[in-house]
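First comes the structure, then the notes that go with it.
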Protein chains: 2
Amino acid sequence: MTTDSLDISPKLRGRPREFDMDAALDEALRVFSERGYYAASISELTEAMGLTAGSVYKAFGDKRGIFLAAFGRYRHVRQQLIDECLDRATNGHDKLRALVKFFAEASCGEVGRRGCLVVGSATELALFDEEVAGRVGVAFDFDERRILDLIHLGQADGSVPRHIDAESSACTLLCLTKGMRVIGKTGRGQEQMLAVAEVAMKLLD
Amino acid sequence: MTTDSLDISPKLRGRPREFDMDAALDEALRVFSERGYYAASISELTEAMGLTAGSVYKAFGDKRGIFLAAFGRYRHVRQQLIDECLDRATNGHDKLRALVKFFAEASCGEVGRRGCLVVGSATELALFDEEVAGRVGVAFDFDERRILDLIHLGQADGSVPRHIDAESSACTLLCLTKGMRVIGKTGRGQEQMLAVAEVAMKLLD
DNA sequence: TTGATTTGGAAACGATCATTTCCTAAATAA
DNA sequence: TTATTTAGGAAATGATCGTTTCCAAATCAA
């Protein structure tokens, strides 16, 4: 569960970084998720990350740099969780059910109230920040593509009927899962969101 | 299409207000919708409203007061549009289709990119502002209740099957329509969102 | 009229924001 | 060693934020 585990470049000049990048980004993305971009002040971010402003600006350039790094980290962590979740199901239909239930459980109680960083970025930043808009678009396209692939998988293994419109159904499930994250901000119960997940499976009949 | 048309109190002391409250709030809610709460500065708000800071603070108390008034105005205007839309359909099933299509058309192109003030408030403010959280909750409950009533209407007039779980289906359609508003922030096409609306109707089979 | 009350608006306010500066510390390269 | 490079961190910086102040203008009550 490490983001920068690739750049294991053994020799770099100057004083080495003392803080753990992934741990710092985990704190940053928590602050951004809870507060949103503008309400998250540098003071709150640096305090949560356990760093001073100087170190943060050395490492990320500016506030937007912290955000973009945290955004990447968020996506990485969530995708890993989803991949593990999907691996436990065996056919297309069950993987889709697992995926929808994953979002249902992320959309209730205190976890749900914390919200989704991608959904929050879409609503708060996408209109006036082209780069963030691009990254949000990529994230949604990725999620939609994953659903589409699972539908195709299900149609291939016989667990999802052939007659359904795969593309439109994928986009519909994308809307539904992101909508769960919005409704989850109001603190709904787990039973209710799981019931929604179950009803949503009718889209695959 | 006027919010304060009720307080037609003919006699009030002091200098009368010169600006049109609804027109000013329409501009304020546009700025809040596009920018979000924190990125919307008093300067931008007052300029859009055609007022100076002094007048605005006289009328609304503080920035949050402007926001809450704009939030109320937004809900009023949207509900009126939805009511008109629903009145043109004749049975429960058709009214539900009209409702979902209404959200689909609000979730594509430039209109969609402008976003929904309630969804934006849910993601940006609900966690740390109890009053906003309450108003967002009321708005979502209201929307969910309207869907539920339409399902019951459809079950009564025979256009919606009796066997479906009305409560869970209502919550599912609520998630779906709010999710459309999120995905719509990335500028999807009308055909695509209308196809989503059509697929969503499978939930009522 | 006079007094009370409220609005409109320019200017000023303190607070907080994101960011930079400057210096020290810790590593590599020569 | 010395030079170079990068990180850590306290303090200062300028800009912008939301808000207030102060005064003239416009209404009603007397």
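Chain labels follow the order of the structure tokens: the first chain is A, the next B, and so on; residue numbering restarts at 1 in every chain, and ligands are counted from 1 in their shown order.
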
Mind dumping a table of every chain B residue within 7 Å of chain C, with the nearest atom pair and its distance in Å to one decimal, using only C-alpha atoms (C1' of nucleotides), sorted by chain and rising number, as CSV?
```
residue,atom,partner,partner_atom,distance
B:Arg13,CA,C:DT5,C1',6.0
B:Gly14,CA,C:DT6,C1',4.0
B:Arg15,CA,C:DT6,C1',4.9
B:Pro16,CA,C:DT7,C1',6.5
B:Arg17,CA,C:DT7,C1',6.1
B:Thr52,CA,C:DG9,C1',6.2
B:Gly54,CA,C:DG9,C1',6.5
B:Ser55,CA,C:DG8,C1',6.0
```

Could you save those same residues with N, CA and C atoms as a compact mmCIF listing (two decimals), in the first residue's frame?
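Final output, selection_29.txt:
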```txt
# COMPACT_ATOMS: atom_id res chain seq x y z
N ARG B 13 -40.98 50.36 8.24
CA ARG B 13 -40.33 51.64 8.54
C ARG B 13 -38.99 51.77 7.83
N GLY B 14 -38.52 52.98 7.75
CA GLY B 14 -37.21 53.23 7.17
C GLY B 14 -37.20 53.26 5.66
N ARG B 15 -36.04 53.48 5.13
CA ARG B 15 -35.86 53.55 3.67
C ARG B 15 -36.15 52.19 3.05
N PRO B 16 -36.94 52.16 1.99
CA PRO B 16 -37.28 50.86 1.40
C PRO B 16 -36.12 50.29 0.59
N ARG B 17 -36.10 48.97 0.53
CA ARG B 17 -35.06 48.27 -0.24
C ARG B 17 -35.18 48.63 -1.71
N THR B 52 -23.40 46.65 -3.12
CA THR B 52 -22.14 46.81 -2.40
C THR B 52 -22.19 45.95 -1.14
N GLY B 54 -21.86 46.69 1.93
CA GLY B 54 -22.71 47.23 3.00
C GLY B 54 -24.15 46.80 2.86
N SER B 55 -24.71 46.96 1.67
CA SER B 55 -26.11 46.59 1.46
C SER B 55 -26.33 45.11 1.69
```

Counting only C-alpha atoms, chain B residues within 9 Å of chain A, as a PDB file with C-alpha atoms, in the first residue's frame:
```
ATOM      1  CA  SER B  33     -23.286  26.846  -7.659  1.00  0.00           C
ATOM      2  CA  GLU B  34     -20.357  27.535  -9.958  1.00  0.00           C
ATOM      3  CA  ARG B  35     -17.665  28.381  -7.423  1.00  0.00           C
ATOM      4  CA  GLY B  36     -18.785  26.572  -4.317  1.00  0.00           C
ATOM      5  CA  TYR B  37     -19.173  28.254  -0.938  1.00  0.00           C
ATOM      6  CA  TYR B  38     -15.595  29.089   0.002  1.00  0.00           C
ATOM      7  CA  ALA B  39     -14.351  30.048  -3.455  1.00  0.00           C
ATOM      8  CA  ARG B 113     -21.146  21.372 -15.579  1.00  0.00           C
ATOM      9  CA  ARG B 114     -22.698  24.200 -13.581  1.00  0.00           C
ATOM     10  CA  GLY B 115     -23.834  21.570 -11.096  1.00  0.00           C
ATOM     11  CA  CYS B 116     -26.415  21.329  -8.331  1.00  0.00           C
ATOM     12  CA  VAL B 119     -25.229  18.291  -4.089  1.00  0.00           C
ATOM     13  CA  GLY B 120     -22.380  20.785  -3.833  1.00  0.00           C
ATOM     14  CA  ALA B 122     -23.678  18.156   0.694  1.00  0.00           C
ATOM     15  CA  THR B 123     -20.082  17.475  -0.309  1.00  0.00           C
ATOM     16  CA  GLU B 124     -18.514  20.793   0.691  1.00  0.00           C
ATOM     17  CA  LEU B 125     -20.385  21.868   3.829  1.00  0.00           C
ATOM     18  CA  ALA B 126     -22.507  19.100   5.338  1.00  0.00           C
ATOM     19  CA  LEU B 127     -19.770  17.572   7.490  1.00  0.00           C
ATOM     20  CA  PHE B 128     -18.927  20.668   9.537  1.00  0.00           C
ATOM     21  CA  ALA B 133     -26.377  19.514   6.830  1.00  0.00           C
ATOM     22  CA  GLY B 134     -29.918  19.762   8.117  1.00  0.00           C
ATOM     23  CA  VAL B 136     -29.407  19.269   2.717  1.00  0.00           C
ATOM     24  CA  GLY B 137     -31.002  16.371   4.590  1.00  0.00           C
ATOM     25  CA  PHE B 140     -32.897  14.930  -0.020  1.00  0.00           C
ATOM     26  CA  ASP B 165     -39.995  -2.479  -2.762  1.00  0.00           C
ATOM     27  CA  SER B 168     -35.709   0.956  -1.387  1.00  0.00           C
ATOM     28  CA  SER B 169     -36.530   1.766  -4.999  1.00  0.00           C
ATOM     29  CA  ALA B 170     -37.182   5.389  -4.048  1.00  0.00           C
ATOM     30  CA  CYS B 171     -33.831   5.657  -2.289  1.00  0.00           C
ATOM     31  CA  THR B 172     -32.134   3.994  -5.255  1.00  0.00           C
ATOM     32  CA  LEU B 173     -33.663   6.485  -7.674  1.00  0.00           C
ATOM     33  CA  LEU B 174     -32.622   9.291  -5.335  1.00  0.00           C
ATOM     34  CA  CYS B 175     -29.015   8.078  -5.448  1.00  0.00           C
ATOM     35  CA  LEU B 176     -29.207   7.719  -9.190  1.00  0.00           C
ATOM     36  CA  THR B 177     -30.504  11.216  -9.868  1.00  0.00           C
ATOM     37  CA  LYS B 178     -27.990  12.857  -7.517  1.00  0.00           C
ATOM     38  CA  GLY B 179     -25.258  10.734  -9.060  1.00  0.00           C
ATOM     39  CA  MET B 180     -26.252  12.038 -12.485  1.00  0.00           C
ATOM     40  CA  ARG B 181     -25.568  15.534 -11.174  1.00  0.00           C
ATOM     41  CA  VAL B 182     -22.076  14.466 -10.126  1.00  0.00           C
ATOM     42  CA  ILE B 183     -21.209  12.724 -13.387  1.00  0.00           C
ATOM     43  CA  LYS B 185     -19.957  17.877 -13.810  1.00  0.00           C
ATOM     44  CA  THR B 186     -17.611  16.242 -16.322  1.00  0.00           C
ATOM     45  CA  GLN B 192     -25.809   9.360 -22.924  1.00  0.00           C
ATOM     46  CA  MET B 193     -27.643  10.783 -19.914  1.00  0.00           C
ATOM     47  CA  ALA B 195     -29.975   6.555 -22.094  1.00  0.00           C
ATOM     48  CA  VAL B 196     -29.127   6.326 -18.393  1.00  0.00           C
ATOM     49  CA  ALA B 197     -32.600   7.614 -17.591  1.00  0.00           C
ATOM     50  CA  GLU B 198     -34.133   4.945 -19.809  1.00  0.00           C
ATOM     51  CA  VAL B 199     -32.058   2.173 -18.242  1.00  0.00           C
ATOM     52  CA  ALA B 200     -32.990   3.427 -14.784  1.00  0.00           C
ATOM     53  CA  MET B 201     -36.655   2.765 -15.552  1.00  0.00           C
ATOM     54  CA  LYS B 202     -35.849  -0.949 -15.329  1.00  0.00           C
ATOM     55  CA  LEU B 203     -35.888  -0.431 -11.571  1.00  0.00           C
ATOM     56  CA  ASP B 205     -40.331  -3.246 -13.803  1.00  0.00           C
TER      57      ASP B 205
END
```

For this session: Write out as a ChimeraX atom specification each polymer residue whose atoms come within 9 Å of Gly72 of chain A, counting only C-alpha atoms (C1' of nucleotides); drop sequence neighbours fewer than 4 positions from it.
Result: /A:3,67-68,76-77,135

Generate the output file for the selected residues, C-alpha atoms, as a short mmCIF file (atom, residue, chain, number, x, y, z; two decimals), in the first residue's frame.
```cif
data_model
loop_
_atom_site.label_atom_id
_atom_site.label_comp_id
_atom_site.auth_asym_id
_atom_site.auth_seq_id
_atom_site.Cartn_x
_atom_site.Cartn_y
_atom_site.Cartn_z
CA THR A 3 2.46 5.03 -3.81
CA PHE A 67 -3.92 18.28 -3.39
CA LEU A 68 -2.95 16.62 -6.66
CA HIS A 76 -4.42 4.34 -5.57
CA VAL A 77 -5.63 3.27 -2.13
CA ARG A 135 -8.21 13.92 -13.39
#
```

Exercise. Any idea which chain D residues end up within 7 Å of chain B if we count only C-alpha atoms (C1' of nucleotides), as a PyMOL selection string please?
Worked result: chain D and resi 26-28

Can you pull out every residue within 8 Å of segment 151-153 of chain A, counting only C-alpha atoms (C1' of nucleotides), but drop anything in the same chain fewer than 6 positions away, and send it as a compact mmCIF listing (two decimals) with C-alpha atoms, in the first residue's frame?
```
# COMPACT_ATOMS: atom_id res chain seq x y z
CA ASN A 91 -18.24 -14.43 -11.86
CA GLY A 92 -19.23 -11.16 -13.50
CA HIS A 93 -22.57 -10.81 -11.76
CA LEU A 96 -20.72 -6.37 -9.85
CA VAL A 160 -25.42 -11.44 -16.89
CA ALA A 166 -23.74 -2.84 -21.49
CA ALA A 170 -22.36 0.78 -16.93
```

Exercise. If you run DSSP on this backbone, which residues of segment 2-201 of chain A come out as alpha helix (DSSP H), and could you give them as a ChimeraX atom specification?
Worked result: /A:21-35,42-49,53-60,63-87,92-105,109-114,117-124,130-157,166-183,190-200

Just C-alpha atoms for this one: save the residues we selected as a compact mmCIF listing (two decimals), in the first residue's frame.
```txt
# COMPACT_ATOMS: atom_id res chain seq x y z
CA MET A 21 5.40 10.37 1.92
CA ASP A 22 2.47 7.93 1.89
CA ALA A 23 1.65 8.52 5.54
CA ALA A 24 1.74 12.29 5.01
CA LEU A 25 -0.49 12.03 1.93
CA ASP A 26 -2.94 9.81 3.81
CA GLU A 27 -3.36 12.61 6.34
CA ALA A 28 -3.58 15.26 3.64
CA LEU A 29 -6.26 13.39 1.72
CA ARG A 30 -8.23 12.93 4.91
CA VAL A 31 -8.19 16.69 5.54
CA PHE A 32 -9.11 17.44 1.92
CA SER A 33 -11.89 14.83 1.99
CA GLU A 34 -13.41 16.20 5.17
CA ARG A 35 -12.95 19.94 4.62
CA ILE A 42 -2.15 25.05 4.96
CA SER A 43 -1.99 25.21 8.76
CA GLU A 44 -4.44 22.33 9.15
CA LEU A 45 -2.75 20.34 6.40
CA THR A 46 0.77 20.74 7.76
CA GLU A 47 -0.36 19.98 11.29
CA ALA A 48 -2.13 16.80 10.15
CA MET A 49 0.89 15.80 8.07
CA ALA A 53 4.98 24.82 5.87
CA GLY A 54 8.55 25.04 4.60
CA SER A 55 8.94 21.28 4.24
CA VAL A 56 5.57 20.96 2.59
CA TYR A 57 6.35 23.66 0.03
CA LYS A 58 9.74 22.03 -0.64
CA ALA A 59 8.02 18.74 -1.33
CA PHE A 60 4.86 19.78 -3.19
CA LYS A 63 -1.28 23.87 -2.03
CA ARG A 64 -2.55 22.57 -5.33
CA GLY A 65 0.51 20.31 -5.52
CA ILE A 66 -0.39 18.79 -2.16
CA PHE A 67 -3.92 18.28 -3.39
CA LEU A 68 -2.95 16.62 -6.66
CA ALA A 69 -0.56 14.28 -4.86
CA ALA A 70 -3.23 13.43 -2.28
CA PHE A 71 -5.74 12.89 -5.08
CA GLY A 72 -3.41 10.36 -6.71
CA ARG A 73 -2.80 8.63 -3.42
CA TYR A 74 -6.55 8.45 -2.74
CA ARG A 75 -7.24 6.83 -6.07
CA HIS A 76 -4.42 4.34 -5.57
CA VAL A 77 -5.63 3.27 -2.13
CA ARG A 78 -9.27 3.00 -3.15
CA GLN A 79 -8.53 1.02 -6.29
CA GLN A 80 -6.48 -1.44 -4.30
CA LEU A 81 -9.36 -1.94 -1.87
CA ILE A 82 -11.79 -2.44 -4.74
CA ASP A 83 -9.50 -4.88 -6.51
CA GLU A 84 -9.25 -7.00 -3.36
CA CYS A 85 -13.02 -6.85 -3.03
CA LEU A 86 -13.60 -7.97 -6.61
CA ASP A 87 -11.07 -10.79 -6.37
CA GLY A 92 -19.23 -11.16 -13.50
CA HIS A 93 -22.57 -10.81 -11.76
CA ASP A 94 -21.13 -11.47 -8.31
CA LYS A 95 -18.25 -9.08 -8.90
CA LEU A 96 -20.72 -6.37 -9.85
CA ARG A 97 -22.73 -7.08 -6.73
CA ALA A 98 -19.55 -6.90 -4.66
CA LEU A 99 -18.65 -3.59 -6.28
CA VAL A 100 -22.04 -2.01 -5.62
CA LYS A 101 -22.03 -3.29 -2.04
CA PHE A 102 -18.54 -1.84 -1.59
CA PHE A 103 -19.89 1.59 -2.46
CA ALA A 104 -22.95 1.06 -0.27
CA GLU A 105 -20.75 0.34 2.74
CA GLY A 109 -22.55 6.15 8.89
CA GLU A 110 -19.47 8.15 9.79
CA VAL A 111 -17.47 6.68 6.92
CA GLY A 112 -20.08 7.91 4.48
CA ARG A 113 -20.16 11.36 6.05
CA ARG A 114 -16.43 11.70 5.40
CA LEU A 117 -12.43 12.95 -2.56
CA VAL A 118 -13.16 12.46 -6.26
CA VAL A 119 -16.85 13.34 -5.92
CA GLY A 120 -15.92 16.35 -3.80
CA SER A 121 -13.36 17.48 -6.37
CA ALA A 122 -15.92 17.08 -9.14
CA THR A 123 -18.38 19.40 -7.44
CA GLU A 124 -15.95 21.91 -5.91
CA GLU A 130 -8.96 22.14 -16.01
CA GLU A 131 -6.33 19.82 -14.61
CA VAL A 132 -8.52 18.67 -11.73
CA ALA A 133 -11.42 18.32 -14.15
CA GLY A 134 -9.22 16.10 -16.30
CA ARG A 135 -8.21 13.92 -13.39
CA VAL A 136 -11.81 13.62 -12.19
CA GLY A 137 -12.84 12.68 -15.72
CA VAL A 138 -10.14 10.04 -15.89
CA ALA A 139 -11.21 8.63 -12.53
CA PHE A 140 -14.86 8.41 -13.57
CA ASP A 141 -13.95 6.95 -16.95
CA PHE A 142 -11.82 4.37 -15.18
CA ASP A 143 -14.65 3.41 -12.84
CA GLU A 144 -17.12 3.24 -15.71
CA ARG A 145 -14.74 1.11 -17.75
CA ARG A 146 -14.32 -1.30 -14.86
CA ILE A 147 -18.08 -1.71 -14.57
CA LEU A 148 -18.36 -2.19 -18.33
CA ASP A 149 -15.66 -4.87 -18.29
CA LEU A 150 -17.45 -6.68 -15.48
CA ILE A 151 -20.72 -6.60 -17.42
CA HIS A 152 -18.96 -8.03 -20.45
CA LEU A 153 -17.35 -10.63 -18.21
CA GLY A 154 -20.76 -11.55 -16.85
CA GLN A 155 -22.21 -11.79 -20.32
CA ALA A 156 -19.34 -14.07 -21.29
CA ASP A 157 -19.65 -16.35 -18.27
CA ALA A 166 -23.74 -2.84 -21.49
CA GLU A 167 -22.59 0.75 -22.10
CA SER A 168 -25.72 2.47 -20.79
CA SER A 169 -25.98 0.09 -17.86
CA ALA A 170 -22.36 0.78 -16.93
CA CYS A 171 -22.96 4.52 -16.96
CA THR A 172 -26.13 4.04 -14.94
CA LEU A 173 -24.27 2.04 -12.30
CA LEU A 174 -21.56 4.69 -12.29
CA CYS A 175 -24.16 7.37 -11.54
CA LEU A 176 -25.71 5.19 -8.89
CA THR A 177 -22.48 4.48 -7.01
CA LYS A 178 -21.38 8.13 -7.08
CA GLY A 179 -24.86 9.15 -6.01
CA MET A 180 -24.58 6.81 -3.03
CA ARG A 181 -21.51 8.78 -1.99
CA VAL A 182 -23.53 12.00 -2.12
CA ILE A 183 -26.51 10.66 -0.18
CA GLN A 190 -26.07 0.53 6.46
CA GLU A 191 -29.23 -1.53 5.98
CA GLN A 192 -30.72 1.19 3.81
CA MET A 193 -27.67 1.53 1.57
CA LEU A 194 -27.29 -2.23 1.25
CA ALA A 195 -30.95 -2.40 0.24
CA VAL A 196 -30.19 0.17 -2.44
CA ALA A 197 -27.32 -2.02 -3.64
CA GLU A 198 -29.66 -4.97 -3.86
CA VAL A 199 -32.31 -3.04 -5.79
CA ALA A 200 -29.63 -1.75 -8.14
```
